[in-house]
$ cat upload_37.cif   # mmCIF, C-alpha atoms
data_structure
#
loop_
_atom_site.label_atom_id
_atom_site.label_comp_id
_atom_site.auth_asym_id
_atom_site.auth_seq_id
_atom_site.Cartn_x
_atom_site.Cartn_y
_atom_site.Cartn_z
CA MET A 1 -37.58 -3.19 -17.76
CA ASP A 2 -41.15 -4.50 -17.98
CA PRO A 3 -41.86 -8.09 -19.12
CA THR A 4 -41.61 -7.04 -22.76
CA GLY A 5 -38.10 -5.67 -22.30
CA SER A 6 -39.12 -1.98 -22.39
CA PRO A 7 -37.52 0.43 -19.87
CA SER A 8 -39.69 1.14 -16.86
CA ALA A 9 -39.50 3.56 -13.96
CA ARG A 10 -37.82 2.28 -10.85
CA PRO A 11 -40.46 1.61 -8.16
CA ASP A 12 -40.59 4.01 -5.24
CA ALA A 13 -38.77 2.63 -2.19
CA SER A 14 -41.82 3.26 -0.03
CA THR A 15 -44.03 1.10 -2.22
CA PRO A 16 -43.77 -2.63 -1.42
CA GLU A 17 -43.21 -4.85 -4.41
CA PRO A 18 -45.40 -7.93 -4.91
CA ALA A 19 -43.88 -11.31 -4.17
CA THR A 20 -42.99 -12.67 -7.60
CA GLU A 21 -40.78 -15.10 -9.48
CA PRO A 22 -38.32 -14.31 -12.29
CA ILE A 23 -39.60 -14.34 -15.85
CA PRO A 24 -38.16 -17.26 -17.86
CA SER A 25 -37.34 -15.04 -20.85
CA GLY A 26 -34.22 -14.58 -22.91
CA GLU A 27 -32.92 -11.59 -20.95
CA ALA A 28 -29.74 -11.64 -18.91
CA PRO A 29 -30.45 -12.60 -15.26
CA GLY A 30 -29.27 -9.21 -14.00
CA LEU A 31 -31.82 -7.42 -16.16
CA ARG A 32 -34.85 -9.47 -15.15
CA PRO A 33 -37.49 -7.51 -13.21
CA ARG A 34 -39.72 -8.87 -10.55
CA GLU A 35 -42.72 -10.48 -12.21
CA PRO A 36 -46.03 -8.66 -11.70
CA LEU A 37 -49.03 -10.78 -10.81
CA THR A 38 -50.57 -10.28 -14.25
CA ALA A 39 -47.42 -11.63 -15.90
CA LYS A 40 -47.43 -14.60 -13.52
CA GLY A 41 -50.98 -15.36 -14.59
CA VAL A 42 -49.97 -15.22 -18.25
CA ARG A 43 -46.96 -17.45 -17.58
CA ARG A 44 -49.28 -20.13 -16.22
CA SER A 45 -51.59 -19.84 -19.23
CA PRO A 46 -51.20 -21.45 -22.70
CA VAL A 47 -49.72 -18.22 -24.13
CA VAL A 48 -46.32 -17.71 -25.78
CA VAL A 49 -45.03 -14.26 -26.76
CA GLY A 50 -42.00 -13.67 -28.98
CA THR A 51 -40.35 -10.91 -31.02
CA VAL A 52 -38.30 -11.40 -34.20
CA ASP A 53 -36.16 -8.93 -36.14
CA ARG A 54 -36.31 -8.26 -39.87
CA ASP A 55 -34.41 -11.50 -40.53
CA LEU A 56 -37.12 -13.36 -38.56
CA ARG A 57 -34.63 -14.23 -35.80
CA TYR A 58 -35.91 -14.22 -32.24
CA THR A 59 -34.68 -11.36 -30.07
CA TRP A 60 -36.97 -12.06 -27.11
CA VAL A 61 -39.25 -14.85 -25.88
CA PHE A 62 -41.70 -14.83 -22.98
CA ASN A 63 -43.40 -17.89 -21.49
CA PRO A 64 -41.67 -20.54 -23.63
CA ARG A 65 -42.96 -24.11 -23.85
CA PRO A 66 -41.01 -27.40 -23.51
CA HIS A 67 -41.05 -27.79 -27.29
CA PHE A 68 -39.85 -24.18 -27.66
CA PRO A 69 -37.04 -23.48 -25.11
CA VAL A 70 -35.44 -20.02 -24.90
CA GLU A 71 -31.92 -21.29 -25.42
CA GLU A 72 -32.92 -22.79 -28.78
CA ALA A 73 -34.95 -19.79 -29.89
CA LEU A 74 -32.85 -16.66 -29.35
CA GLY A 75 -30.93 -15.64 -32.46
CA ARG A 76 -32.62 -18.30 -34.58
CA ARG A 77 -35.56 -18.49 -36.97
CA ASP A 78 -38.57 -20.79 -36.66
CA ASP A 79 -37.31 -23.04 -39.48
CA GLU A 80 -34.00 -23.44 -37.63
CA ILE A 81 -35.80 -24.57 -34.48
CA ALA A 82 -38.59 -26.85 -35.71
CA PRO A 83 -38.75 -29.46 -38.52
CA PRO A 84 -40.46 -28.47 -41.79
CA SER A 85 -44.26 -28.50 -41.74
CA VAL A 86 -47.24 -26.74 -43.28
CA GLY A 87 -47.92 -24.97 -39.97
CA LEU A 88 -44.33 -23.68 -39.80
CA ASP A 89 -44.53 -22.34 -43.38
CA ARG A 90 -47.77 -20.51 -42.55
CA LEU A 91 -46.26 -18.98 -39.40
CA MET A 92 -43.22 -17.63 -41.24
CA ALA A 93 -45.38 -16.36 -44.11
CA LEU A 94 -47.54 -14.51 -41.56
CA LYS A 95 -44.48 -12.78 -40.08
CA ARG A 96 -43.09 -11.84 -43.52
CA ASP A 97 -46.44 -10.31 -44.49
CA VAL A 98 -46.55 -8.16 -41.34
CA LEU A 99 -42.95 -7.07 -41.91
CA ALA A 100 -43.75 -6.10 -45.50
CA THR A 101 -47.05 -4.30 -44.84
CA GLY A 102 -46.66 -2.97 -41.33
CA VAL A 103 -50.22 -4.14 -40.66
CA ALA A 104 -51.17 -6.44 -37.78
CA ARG A 105 -52.76 -9.80 -38.67
CA ASP A 106 -54.37 -12.74 -36.87
CA GLU A 107 -54.35 -16.35 -38.03
CA THR A 108 -55.26 -19.80 -36.74
CA ILE A 109 -52.55 -22.38 -37.43
CA ASP A 110 -52.25 -26.11 -36.68
CA PHE A 111 -48.83 -27.44 -35.58
CA GLU A 112 -47.55 -30.99 -35.21
CA LEU A 113 -45.84 -31.12 -31.81
CA GLY A 114 -44.45 -34.59 -31.33
CA ASP A 115 -47.30 -37.05 -31.78
CA ALA A 116 -50.00 -34.45 -31.12
CA MET A 117 -51.65 -31.80 -33.28
CA ARG A 118 -52.14 -28.46 -31.51
CA THR A 119 -54.08 -25.43 -32.72
CA TYR A 120 -52.84 -21.89 -32.00
CA GLU A 121 -54.49 -18.51 -32.46
CA ILE A 122 -51.62 -16.19 -33.43
CA ALA A 123 -51.74 -12.38 -33.36
CA ALA A 124 -48.82 -10.80 -35.22
CA THR A 125 -48.09 -7.09 -34.63
CA PRO A 126 -45.40 -4.95 -36.30
CA VAL A 127 -42.63 -3.37 -34.18
CA PHE A 128 -41.54 0.10 -35.32
CA ASP A 129 -38.15 1.76 -34.71
CA THR A 130 -37.59 5.45 -33.92
CA THR A 131 -37.70 6.35 -37.63
CA GLY A 132 -41.10 4.75 -38.10
CA GLU A 133 -39.75 1.78 -40.07
CA VAL A 134 -40.86 -1.77 -39.30
CA SER A 135 -37.99 -3.39 -37.38
CA GLY A 136 -39.60 -6.64 -36.36
CA VAL A 137 -42.75 -8.54 -35.44
CA THR A 138 -44.17 -9.54 -32.07
CA THR A 139 -46.43 -12.59 -31.99
CA VAL A 140 -48.81 -13.64 -29.23
CA SER A 141 -49.68 -17.34 -29.62
CA VAL A 142 -52.53 -18.92 -27.63
CA ASP A 143 -53.10 -22.68 -27.56
CA VAL A 144 -56.81 -23.14 -28.36
CA SER A 145 -56.72 -26.89 -29.05
CA GLU A 146 -59.19 -27.78 -26.28
CA LEU A 147 -61.56 -25.01 -27.36
CA GLN A 148 -61.41 -26.18 -30.96
CA GLY A 149 -62.19 -29.71 -29.75
CA LEU A 150 -65.26 -28.44 -27.91
CA VAL A 151 -66.45 -26.59 -31.01
CA ARG A 152 -66.03 -29.72 -33.12
CA SER A 153 -67.88 -31.80 -30.51
CA GLN A 154 -70.75 -29.30 -30.52
CA GLN A 155 -70.97 -29.43 -34.30
CA GLU A 156 -70.88 -33.23 -34.33
CA LEU A 157 -73.57 -33.33 -31.63
CA MET A 158 -75.87 -31.06 -33.62
CA ALA A 159 -75.38 -33.19 -36.73
CA MET A 160 -76.04 -36.44 -34.84
CA VAL A 161 -79.16 -35.14 -33.11
CA ALA A 162 -80.53 -33.75 -36.37
CA HIS A 163 -79.82 -37.02 -38.20
CA ASP A 164 -81.24 -39.29 -35.50
CA LEU A 165 -84.39 -37.20 -35.06
CA ARG A 166 -85.06 -36.84 -38.79
CA ASN A 167 -85.76 -40.54 -39.36
CA PRO A 168 -88.38 -41.12 -36.62
CA VAL A 169 -90.06 -37.79 -37.36
CA SER A 170 -90.32 -38.72 -41.07
CA ILE A 171 -91.81 -42.12 -40.23
CA VAL A 172 -94.37 -40.66 -37.83
CA ARG A 173 -95.39 -38.05 -40.39
CA SER A 174 -95.70 -40.49 -43.29
CA ARG A 175 -97.70 -43.01 -41.25
CA ALA A 176 -100.06 -40.32 -39.97
CA GLN A 177 -100.56 -39.01 -43.52
CA LEU A 178 -101.31 -42.55 -44.72
CA MET A 179 -104.08 -42.97 -42.15
CA LEU A 180 -105.53 -39.58 -43.04
CA ARG A 181 -105.69 -40.51 -46.72
CA ARG A 182 -107.36 -43.82 -45.93
CA SER A 183 -109.69 -42.23 -43.38
CA GLU A 184 -109.22 -45.31 -41.21
CA PHE A 185 -106.90 -46.61 -38.53
CA ASP A 186 -104.03 -48.83 -39.65
CA ALA A 187 -102.63 -51.10 -36.92
CA GLU A 188 -99.17 -51.37 -38.51
CA ALA A 189 -98.94 -47.61 -39.00
CA LEU A 190 -99.95 -47.02 -35.39
CA ARG A 191 -97.27 -49.45 -34.18
CA ASP A 192 -94.66 -47.57 -36.20
CA ILE A 193 -95.83 -44.25 -34.77
CA VAL A 194 -95.62 -45.57 -31.21
CA GLN A 195 -92.21 -47.18 -31.82
CA GLN A 196 -90.66 -44.06 -33.33
CA SER A 197 -92.23 -41.83 -30.70
CA ASP A 198 -90.65 -44.04 -28.03
CA ARG A 199 -87.31 -43.72 -29.78
CA MET A 200 -87.54 -39.91 -29.74
CA ALA A 201 -88.57 -40.01 -26.08
CA ARG A 202 -85.49 -42.13 -25.22
CA MET A 203 -83.23 -39.68 -27.02
CA THR A 204 -84.77 -36.80 -25.09
CA GLU A 205 -84.36 -38.67 -21.79
CA ASP A 206 -80.71 -39.41 -22.61
CA LEU A 207 -80.03 -35.73 -23.28
CA LEU A 208 -81.73 -34.73 -20.02
CA ASP A 209 -79.85 -37.42 -18.05
CA THR A 210 -76.55 -36.24 -19.53
CA ALA A 211 -77.25 -32.65 -18.49
CA VAL A 212 -78.00 -33.78 -14.92
CA ILE A 213 -74.90 -35.99 -14.74
CA VAL A 214 -72.48 -33.42 -16.16
CA GLY A 215 -73.97 -30.87 -13.76
CA GLY A 216 -73.21 -33.22 -10.85
CA SER A 217 -76.79 -33.18 -9.55
CA VAL A 218 -77.85 -36.83 -9.73
CA ALA A 219 -80.49 -37.54 -7.06
CA LEU A 220 -80.59 -41.18 -5.87
CA GLN A 221 -83.54 -42.94 -4.25
CA ARG A 222 -81.75 -45.71 -2.35
CA GLU A 223 -83.46 -48.91 -1.27
CA GLN A 224 -82.59 -52.58 -0.80
CA VAL A 225 -82.00 -54.00 -4.28
CA ASP A 226 -81.20 -57.58 -5.32
CA LEU A 227 -78.86 -57.10 -8.28
CA ALA A 228 -79.37 -60.69 -9.45
CA ASP A 229 -83.14 -60.15 -9.80
CA LEU A 230 -82.55 -56.87 -11.57
CA ALA A 231 -80.13 -58.46 -14.06
CA ARG A 232 -82.47 -61.39 -14.76
CA GLY A 233 -85.23 -58.96 -15.69
CA VAL A 234 -82.98 -56.97 -18.02
CA LEU A 235 -81.70 -60.11 -19.77
CA ALA A 236 -85.23 -61.48 -20.18
CA HIS A 237 -86.29 -58.22 -21.81
CA PHE A 238 -83.52 -58.31 -24.43
CA ALA A 239 -83.84 -62.07 -25.00
CA ALA A 240 -87.37 -61.44 -26.29
CA PHE A 241 -86.02 -59.23 -29.08
CA THR A 242 -83.13 -61.30 -30.48
CA ASP A 243 -82.70 -64.78 -31.94
CA LEU A 244 -79.06 -64.18 -32.85
CA HIS A 245 -77.65 -63.87 -29.33
CA THR A 246 -77.31 -66.18 -26.35
CA LEU A 247 -77.61 -64.31 -23.05
CA ASP A 248 -75.75 -66.00 -20.17
CA PHE A 249 -75.84 -65.06 -16.51
CA ALA A 250 -73.80 -66.03 -13.43
CA VAL A 251 -73.92 -64.86 -9.80
CA VAL A 252 -71.43 -65.49 -6.98
CA GLY A 253 -71.71 -64.21 -3.41
CA PRO A 254 -74.05 -61.65 -1.78
CA VAL A 255 -75.42 -59.19 -4.36
CA VAL A 256 -77.98 -57.18 -2.36
CA GLY A 257 -77.15 -53.54 -1.66
CA GLU A 258 -78.49 -50.04 -1.02
CA TRP A 259 -78.90 -48.57 -4.49
CA ASP A 260 -81.30 -46.61 -6.65
CA ARG A 261 -83.20 -49.44 -8.36
CA ALA A 262 -84.21 -47.46 -11.47
CA ARG A 263 -80.73 -46.00 -12.01
CA VAL A 264 -78.88 -49.30 -11.60
CA GLU A 265 -81.39 -50.93 -13.93
CA GLN A 266 -80.67 -48.12 -16.41
CA VAL A 267 -76.95 -48.92 -16.27
CA LEU A 268 -77.59 -52.62 -16.91
CA GLU A 269 -80.00 -51.88 -19.75
CA ASN A 270 -77.45 -49.60 -21.41
CA LEU A 271 -74.61 -52.10 -21.12
CA VAL A 272 -76.61 -55.18 -22.15
CA GLY A 273 -78.35 -53.19 -24.89
CA ASN A 274 -74.98 -52.06 -26.24
CA ALA A 275 -73.65 -55.62 -26.13
CA VAL A 276 -76.59 -56.79 -28.27
CA LYS A 277 -76.67 -53.75 -30.55
CA TYR A 278 -72.96 -53.75 -31.28
CA SER A 279 -72.88 -57.48 -31.96
CA PRO A 280 -74.94 -57.34 -35.18
CA GLY A 281 -73.75 -60.79 -36.20
CA GLY A 282 -74.97 -62.35 -32.96
CA GLY A 283 -72.93 -64.31 -30.42
CA ALA A 284 -72.76 -64.67 -26.67
CA VAL A 285 -73.58 -61.84 -24.28
CA ARG A 286 -72.58 -62.69 -20.71
CA VAL A 287 -73.34 -60.95 -17.42
CA ASP A 288 -71.22 -61.92 -14.41
CA ILE A 289 -72.02 -60.62 -10.92
CA GLN A 290 -69.72 -61.23 -7.96
CA GLY A 291 -70.47 -59.91 -4.48
CA SER A 292 -68.34 -59.40 -1.39
CA ASP A 293 -68.95 -57.84 2.02
CA GLU A 294 -67.92 -54.42 0.68
CA ASP A 295 -69.15 -54.21 -2.91
CA VAL A 296 -70.57 -55.97 -5.95
CA GLN A 297 -68.65 -56.34 -9.23
CA VAL A 298 -70.61 -56.60 -12.49
CA SER A 299 -69.21 -57.32 -15.97
CA VAL A 300 -71.00 -57.42 -19.32
CA SER A 301 -69.11 -59.13 -22.15
CA ASP A 302 -69.87 -59.55 -25.85
CA GLN A 303 -68.28 -60.91 -29.03
CA GLY A 304 -69.14 -57.92 -31.18
CA LEU A 305 -67.46 -55.00 -32.93
CA GLY A 306 -64.89 -54.37 -30.20
CA ILE A 307 -63.08 -51.10 -29.50
CA ASP A 308 -59.82 -49.93 -31.04
CA ALA A 309 -57.02 -49.10 -28.59
CA GLN A 310 -57.08 -45.41 -29.52
CA ASP A 311 -60.80 -45.18 -28.72
CA LEU A 312 -60.65 -46.92 -25.32
CA PRO A 313 -59.45 -43.87 -23.30
CA LYS A 314 -62.44 -41.88 -24.63
CA VAL A 315 -65.07 -44.62 -24.40
CA PHE A 316 -67.01 -42.88 -21.60
CA ASP A 317 -66.81 -39.36 -23.08
CA CYS A 318 -70.17 -37.79 -23.86
CA PHE A 319 -71.14 -37.71 -27.54
CA GLY A 320 -68.15 -39.82 -28.58
CA ARG A 321 -68.49 -42.96 -30.69
CA ALA A 322 -65.88 -45.61 -31.53
CA GLN A 323 -64.59 -45.79 -35.08
CA ALA A 324 -65.91 -49.33 -35.50
CA VAL A 325 -69.40 -48.14 -34.58
CA ARG A 326 -69.24 -45.22 -37.00
CA ASN A 327 -68.01 -47.53 -39.75
CA ALA A 328 -70.91 -49.91 -39.12
CA GLY A 329 -73.38 -47.05 -39.57
CA LEU A 330 -75.28 -47.91 -36.37
CA PRO A 331 -77.48 -45.11 -34.95
CA GLY A 332 -76.88 -43.45 -31.60
CA LEU A 333 -75.91 -40.16 -29.97
CA GLY A 334 -72.99 -41.56 -28.00
CA LEU A 335 -74.53 -40.91 -24.57
CA GLY A 336 -75.18 -44.36 -23.13
CA LEU A 337 -71.77 -45.02 -21.62
CA CYS A 338 -71.45 -41.43 -20.44
CA ILE A 339 -74.70 -41.88 -18.53
CA CYS A 340 -73.54 -45.24 -17.13
CA LYS A 341 -70.33 -43.68 -15.83
CA GLY A 342 -72.18 -40.81 -14.16
CA LEU A 343 -74.74 -43.09 -12.50
CA VAL A 344 -72.16 -45.60 -11.27
CA GLU A 345 -69.97 -42.83 -9.82
CA ALA A 346 -73.01 -41.21 -8.18
CA HIS A 347 -73.34 -44.48 -6.23
CA GLY A 348 -69.68 -44.27 -5.22
CA GLY A 349 -68.63 -46.95 -7.72
CA ARG A 350 -66.26 -47.21 -10.66
CA ILE A 351 -66.66 -48.34 -14.28
CA SER A 352 -64.14 -49.47 -16.89
CA ALA A 353 -63.86 -51.03 -20.35
CA VAL A 354 -61.46 -53.47 -21.98
CA SER A 355 -61.23 -54.79 -25.53
CA GLU A 356 -58.60 -56.62 -27.52
CA GLY A 357 -59.40 -54.49 -30.56
CA THR A 358 -61.79 -54.09 -33.45
CA GLY A 359 -63.82 -57.21 -34.16
CA ARG A 360 -62.80 -58.92 -30.91
CA GLY A 361 -65.61 -57.96 -28.57
CA SER A 362 -65.48 -55.94 -25.38
CA THR A 363 -66.15 -56.17 -21.64
CA PHE A 364 -67.59 -53.39 -19.50
CA SER A 365 -67.24 -53.73 -15.74
CA PHE A 366 -68.52 -51.68 -12.84
CA SER A 367 -68.49 -51.91 -9.07
CA LEU A 368 -71.05 -50.65 -6.55
CA PRO A 369 -70.48 -50.32 -2.79
CA ARG A 370 -73.16 -52.38 -1.06
CA ARG A 371 -73.82 -49.55 1.36
CA GLU A 372 -74.05 -45.81 0.81
CA PRO A 373 -70.60 -44.16 1.11
CA LEU A 374 -70.24 -41.67 3.97
CA VAL A 375 -68.90 -39.10 1.46
CA GLY A 376 -70.09 -39.17 -2.14
CA PRO A 377 -67.49 -39.05 -4.94
CA LEU A 378 -67.03 -36.09 -7.21
CA LEU A 379 -68.69 -36.71 -10.56
CA ASN A 380 -66.47 -36.58 -13.62
CA ALA A 381 -68.88 -37.50 -16.41
CA GLY A 382 -67.15 -38.22 -19.55
CA THR A 383 -68.66 -40.14 -23.52
CA ASP A 384 -69.85 -43.15 -25.32
CA ALA A 385 -67.65 -44.61 -27.94
CA ALA A 386 -70.13 -47.39 -28.46
CA GLY A 387 -73.61 -45.98 -28.00
#
$ encode --input "upload_37.cif" --output "structure tokens"
Amino acid sequence: MDPTGSPSARPDASTPEPATEPIPSGEAPGLRPREPLTAKGVRRSPVVVGTVDRDLRYTWVFNPRPHFPVEEALGRRDDEIAPPSVGLDRLMALKRDVLATGVARDETIDFELGDAMRTYEIAATPVFDTTGEVSGVTTVSVDVSELQGLVRSQQELMAMVAHDLRNPVSIVRSRAQLMLRRSEFDAEALRDIVQQSDRMARMTEDLLDTAVIVGGSVALQREQVDLADLARGVLAHFAAFTDLHTLDFAVVGPVVGEWDRARVEQVLENLVGNAVKYSPGGGAVRVDIQGSDEDVQVSVSDQGLGIDAQDLPKVFDCFGRAQAVRNAGLPGLGLGLCICKGLVEAHGGRISAVSEGTGRGSTFSFSLPRREPLVGPLLNAGTDAAG
């Protein structure tokens, strides 16, 4: 038999068979063929194939999943295997329709599997007996959850970029039109034009930086850098723009290393900027730097919006934003922390985030080796749940 259970010709004795493993299907062990390489590839993919009879009971299953074992499937229907759900009802309705019409159909169905929601593309094809009557249905189910997530992320990105670009473009246009009508220069209007143009330039730079980081092609210009001096300059910059926050700073140990000055400054600006931005009610923002012979540890803490536990694992993912930030209606593409992670890892360092929950502030910490690693780390750029 072939992997679908159909009879197949016995291979010629002179033809060597490929090294394979048995198919974990519902067939008796003595009837299992050697698994061709194509079937082995399918078995390692997110694909499940099954055939049901006219009573919708499984007669054969190929490539089962932990939540769908063969021993629980054969001879049973879907509603005898899994608890009731909307996805289960749609699956059984799909099979009944194919049985009734004899016409193949495709459908995308969401299933609750434990605590997770998974999305499957399901192709249902009728099985005909020797008289031409429909005797069953074969379904090929492919888990497309990750692909669906990428599509949603792309759509959210497009919406965010369009929204965040619309406001500065509208301001620049209206201010320029005002000066044209007055036939004179307006200092306030010019300031607004410059400010909004800078904002659009920063967004463009963030998008370009993200592309470089995700592509793993960050180029570093290393030199001797005093991290304490760098941090003082960043804090002084933000102190000039806020009366609601107190910016504290502490340094312990040697904090000079071989780093890219502009890129490390970019990391500090992102983290301190986020701490100020996402503490709209004010409060303390603290930067602690501690050096050792091997590396320097930096932490930036705030008393702001905080991060919910479910958002923490995704805090460095590109284009992601924490629920508390979305609820607050604060602007941003969700690239800042993604960029920080990529730049820190390009230096051979590590970055992390902790928070006790929404409304309880957060602390972002990163480490940098004081000297260039002999072998650079592999980049694994991820997204910004905060900004």
$ resolve_selection --input "upload_37.cif" --expression "the PyMOL selection byres ((chain A and resi 210) around 8)" --output "CSV table (one decimal) with C-alpha atoms, in the frame of the given file"
chain,number,residue,atom,x,y,z
A,206,ASP,CA,-80.7,-39.4,-22.6
A,207,LEU,CA,-80.0,-35.7,-23.3
A,208,LEU,CA,-81.7,-34.7,-20.0
A,209,ASP,CA,-79.8,-37.4,-18.0
A,211,ALA,CA,-77.2,-32.6,-18.5
A,212,VAL,CA,-78.0,-33.8,-14.9
A,213,ILE,CA,-74.9,-36.0,-14.7
A,214,VAL,CA,-72.5,-33.4,-16.2
A,318,CYS,CA,-70.2,-37.8,-23.9
A,335,LEU,CA,-74.5,-40.9,-24.6
A,338,CYS,CA,-71.4,-41.4,-20.4
A,339,ILE,CA,-74.7,-41.9,-18.5
$ closest_residue --input "upload_37.cif" --among "A:Pro126, A:Gly216, A:Gly283, A:Gly257" --to "Leu368 (chain A)" --atoms "only C-alpha atoms"
A:Gly257
$ residues_around --input "upload_37.cif" --residues "Ala239 (chain A)" --least-positions-apart "5" --cutoff "12 Å" --atoms "all atoms listed in the file" --output "mmCIF file with C-alpha atoms, in the coordinates of the input"
data_model
loop_
_atom_site.group_PDB
_atom_site.id
_atom_site.type_symbol
_atom_site.label_atom_id
_atom_site.label_comp_id
_atom_site.auth_asym_id
_atom_site.auth_seq_id
_atom_site.Cartn_x
_atom_site.Cartn_y
_atom_site.Cartn_z
ATOM 1 C CA ARG A 232 -82.470 -61.390 -14.760
ATOM 2 C CA GLY A 233 -85.230 -58.960 -15.690
ATOM 3 C CA VAL A 234 -82.980 -56.970 -18.020
ATOM 4 C CA LEU A 244 -79.060 -64.180 -32.850
ATOM 5 C CA HIS A 245 -77.650 -63.870 -29.330
ATOM 6 C CA THR A 246 -77.310 -66.180 -26.350
ATOM 7 C CA LEU A 247 -77.610 -64.310 -23.050
ATOM 8 C CA ASP A 248 -75.750 -66.000 -20.170
ATOM 9 C CA VAL A 272 -76.610 -55.180 -22.150
ATOM 10 C CA GLY A 273 -78.350 -53.190 -24.890
ATOM 11 C CA VAL A 276 -76.590 -56.790 -28.270
ATOM 12 C CA GLY A 282 -74.970 -62.350 -32.960
ATOM 13 C CA ALA A 284 -72.760 -64.670 -26.670
ATOM 14 C CA VAL A 285 -73.580 -61.840 -24.280
#
$ residues_around --input "upload_37.cif" --residues "region 304-310 of chain A" --least-positions-apart "5" --cutoff "7 Å" --atoms "all atoms listed in the file" --output "PyMOL selection string"
chain A and resi 278-279+322+324+355+357-362
$ closest_residue --input "upload_37.cif" --among "A:Gln290, A:Glu269, A:Leu227, A:Phe238" --to "Gly253 (chain A)" --atoms "all atoms listed in the file"
A:Gln290
$ closest_residue --input "upload_37.cif" --among "A:Ala187, A:Ile122, A:Thr139, A:Phe111" --to "Gly50 (chain A)" --atoms "all atoms listed in the file"
A:Thr139
$ residues_near_point --input "upload_37.cif" --point "(-51.6, -15.9, -29.4)" --cutoff "8 Å" --atoms "only C-alpha atoms" --output "list in words"
Val47, Val48, Val49, Tyr120, Glu121, Ile122, Ala123, Thr139, Val140, Ser141, Val142 and Asp143 of chain A
$ write_last_selection --input "upload_37.cif" --atoms "C-alpha atoms" --output "PDB file, in the frame of the given file"
ATOM      1  CA  VAL A  47     -49.720 -18.220 -24.130  1.00  0.00           C
ATOM      2  CA  VAL A  48     -46.320 -17.710 -25.780  1.00  0.00           C
ATOM      3  CA  VAL A  49     -45.030 -14.260 -26.760  1.00  0.00           C
ATOM      4  CA  TYR A 120     -52.840 -21.890 -32.000  1.00  0.00           C
ATOM      5  CA  GLU A 121     -54.490 -18.510 -32.460  1.00  0.00           C
ATOM      6  CA  ILE A 122     -51.620 -16.190 -33.430  1.00  0.00           C
ATOM      7  CA  ALA A 123     -51.740 -12.380 -33.360  1.00  0.00           C
ATOM      8  CA  THR A 139     -46.430 -12.590 -31.990  1.00  0.00           C
ATOM      9  CA  VAL A 140     -48.810 -13.640 -29.230  1.00  0.00           C
ATOM     10  CA  SER A 141     -49.680 -17.340 -29.620  1.00  0.00           C
ATOM     11  CA  VAL A 142     -52.530 -18.920 -27.630  1.00  0.00           C
ATOM     12  CA  ASP A 143     -53.100 -22.680 -27.560  1.00  0.00           C
TER      13      ASP A 143
END
$ resolve_selection --input "upload_37.cif" --expression "the PyMOL selection byres ((chain A and resi 125) around 6)" --output "PyMOL selection string"
chain A and resi 104+124+126+137-138
$ resolve_selection --input "upload_37.cif" --expression "the PyMOL selection byres ((chain A and resi 252) around 10)" --output "number ranges by chain"
A: 228, 250-251, 253-255, 288-292, 296-297
$ atom_distance --input "upload_37.cif" --atom1 "CA of Arg371 (chain A)" --atom2 "CA of Ala219 (chain A)"
16.1 Å
$ atom_distance --input "upload_37.cif" --atom1 "CA of Ser135 (chain A)" --atom2 "CA of Gly75 (chain A)"
15.0 Å
$ atom_distance --input "upload_37.cif" --atom1 "CA of Phe128 (chain A)" --atom2 "CA of Ala82 (chain A)"
27.1 Å
$ closest_residue --input "upload_37.cif" --among "A:Leu337, A:Leu113, A:Pro369, A:Thr363" --to "Asp293 (chain A)" --atoms "all atoms listed in the file"
A:Pro369
$ residues_around --input "upload_37.cif" --residues "Ser352 (chain A)" --least-positions-apart "3" --cutoff "7 Å" --atoms "only C-alpha atoms" --output "count of residues only"
3
$ closest_residue --input "upload_37.cif" --among "A:Val256, A:Arg54, A:Met179, A:Gln303" --to "Ala275 (chain A)" --atoms "all atoms listed in the file"
A:Gln303
$ decode --input "upload_37.cif" --residues "region 260-274 of chain A" --atoms "C-alpha atoms" --output "short mmCIF file (atom, residue, chain, number, x, y, z; two decimals), in the first residue's frame"
data_model
loop_
_atom_site.label_atom_id
_atom_site.label_comp_id
_atom_site.auth_asym_id
_atom_site.auth_seq_id
_atom_site.Cartn_x
_atom_site.Cartn_y
_atom_site.Cartn_z
CA ASP A 260 29.59 51.96 18.55
CA ARG A 261 28.94 55.34 20.20
CA ALA A 262 25.98 56.34 18.01
CA ARG A 263 24.26 52.95 18.30
CA VAL A 264 24.63 52.68 22.08
CA GLU A 265 23.39 56.25 22.40
CA GLN A 266 20.40 55.23 20.25
CA VAL A 267 19.60 52.39 22.66
CA LEU A 268 19.76 54.73 25.67
CA GLU A 269 17.63 57.36 23.92
CA ASN A 270 14.99 54.76 23.08
CA LEU A 271 14.84 53.35 26.60
CA VAL A 272 14.91 56.70 28.43
CA GLY A 273 12.50 58.19 25.88
CA ASN A 274 10.09 55.30 26.43
#
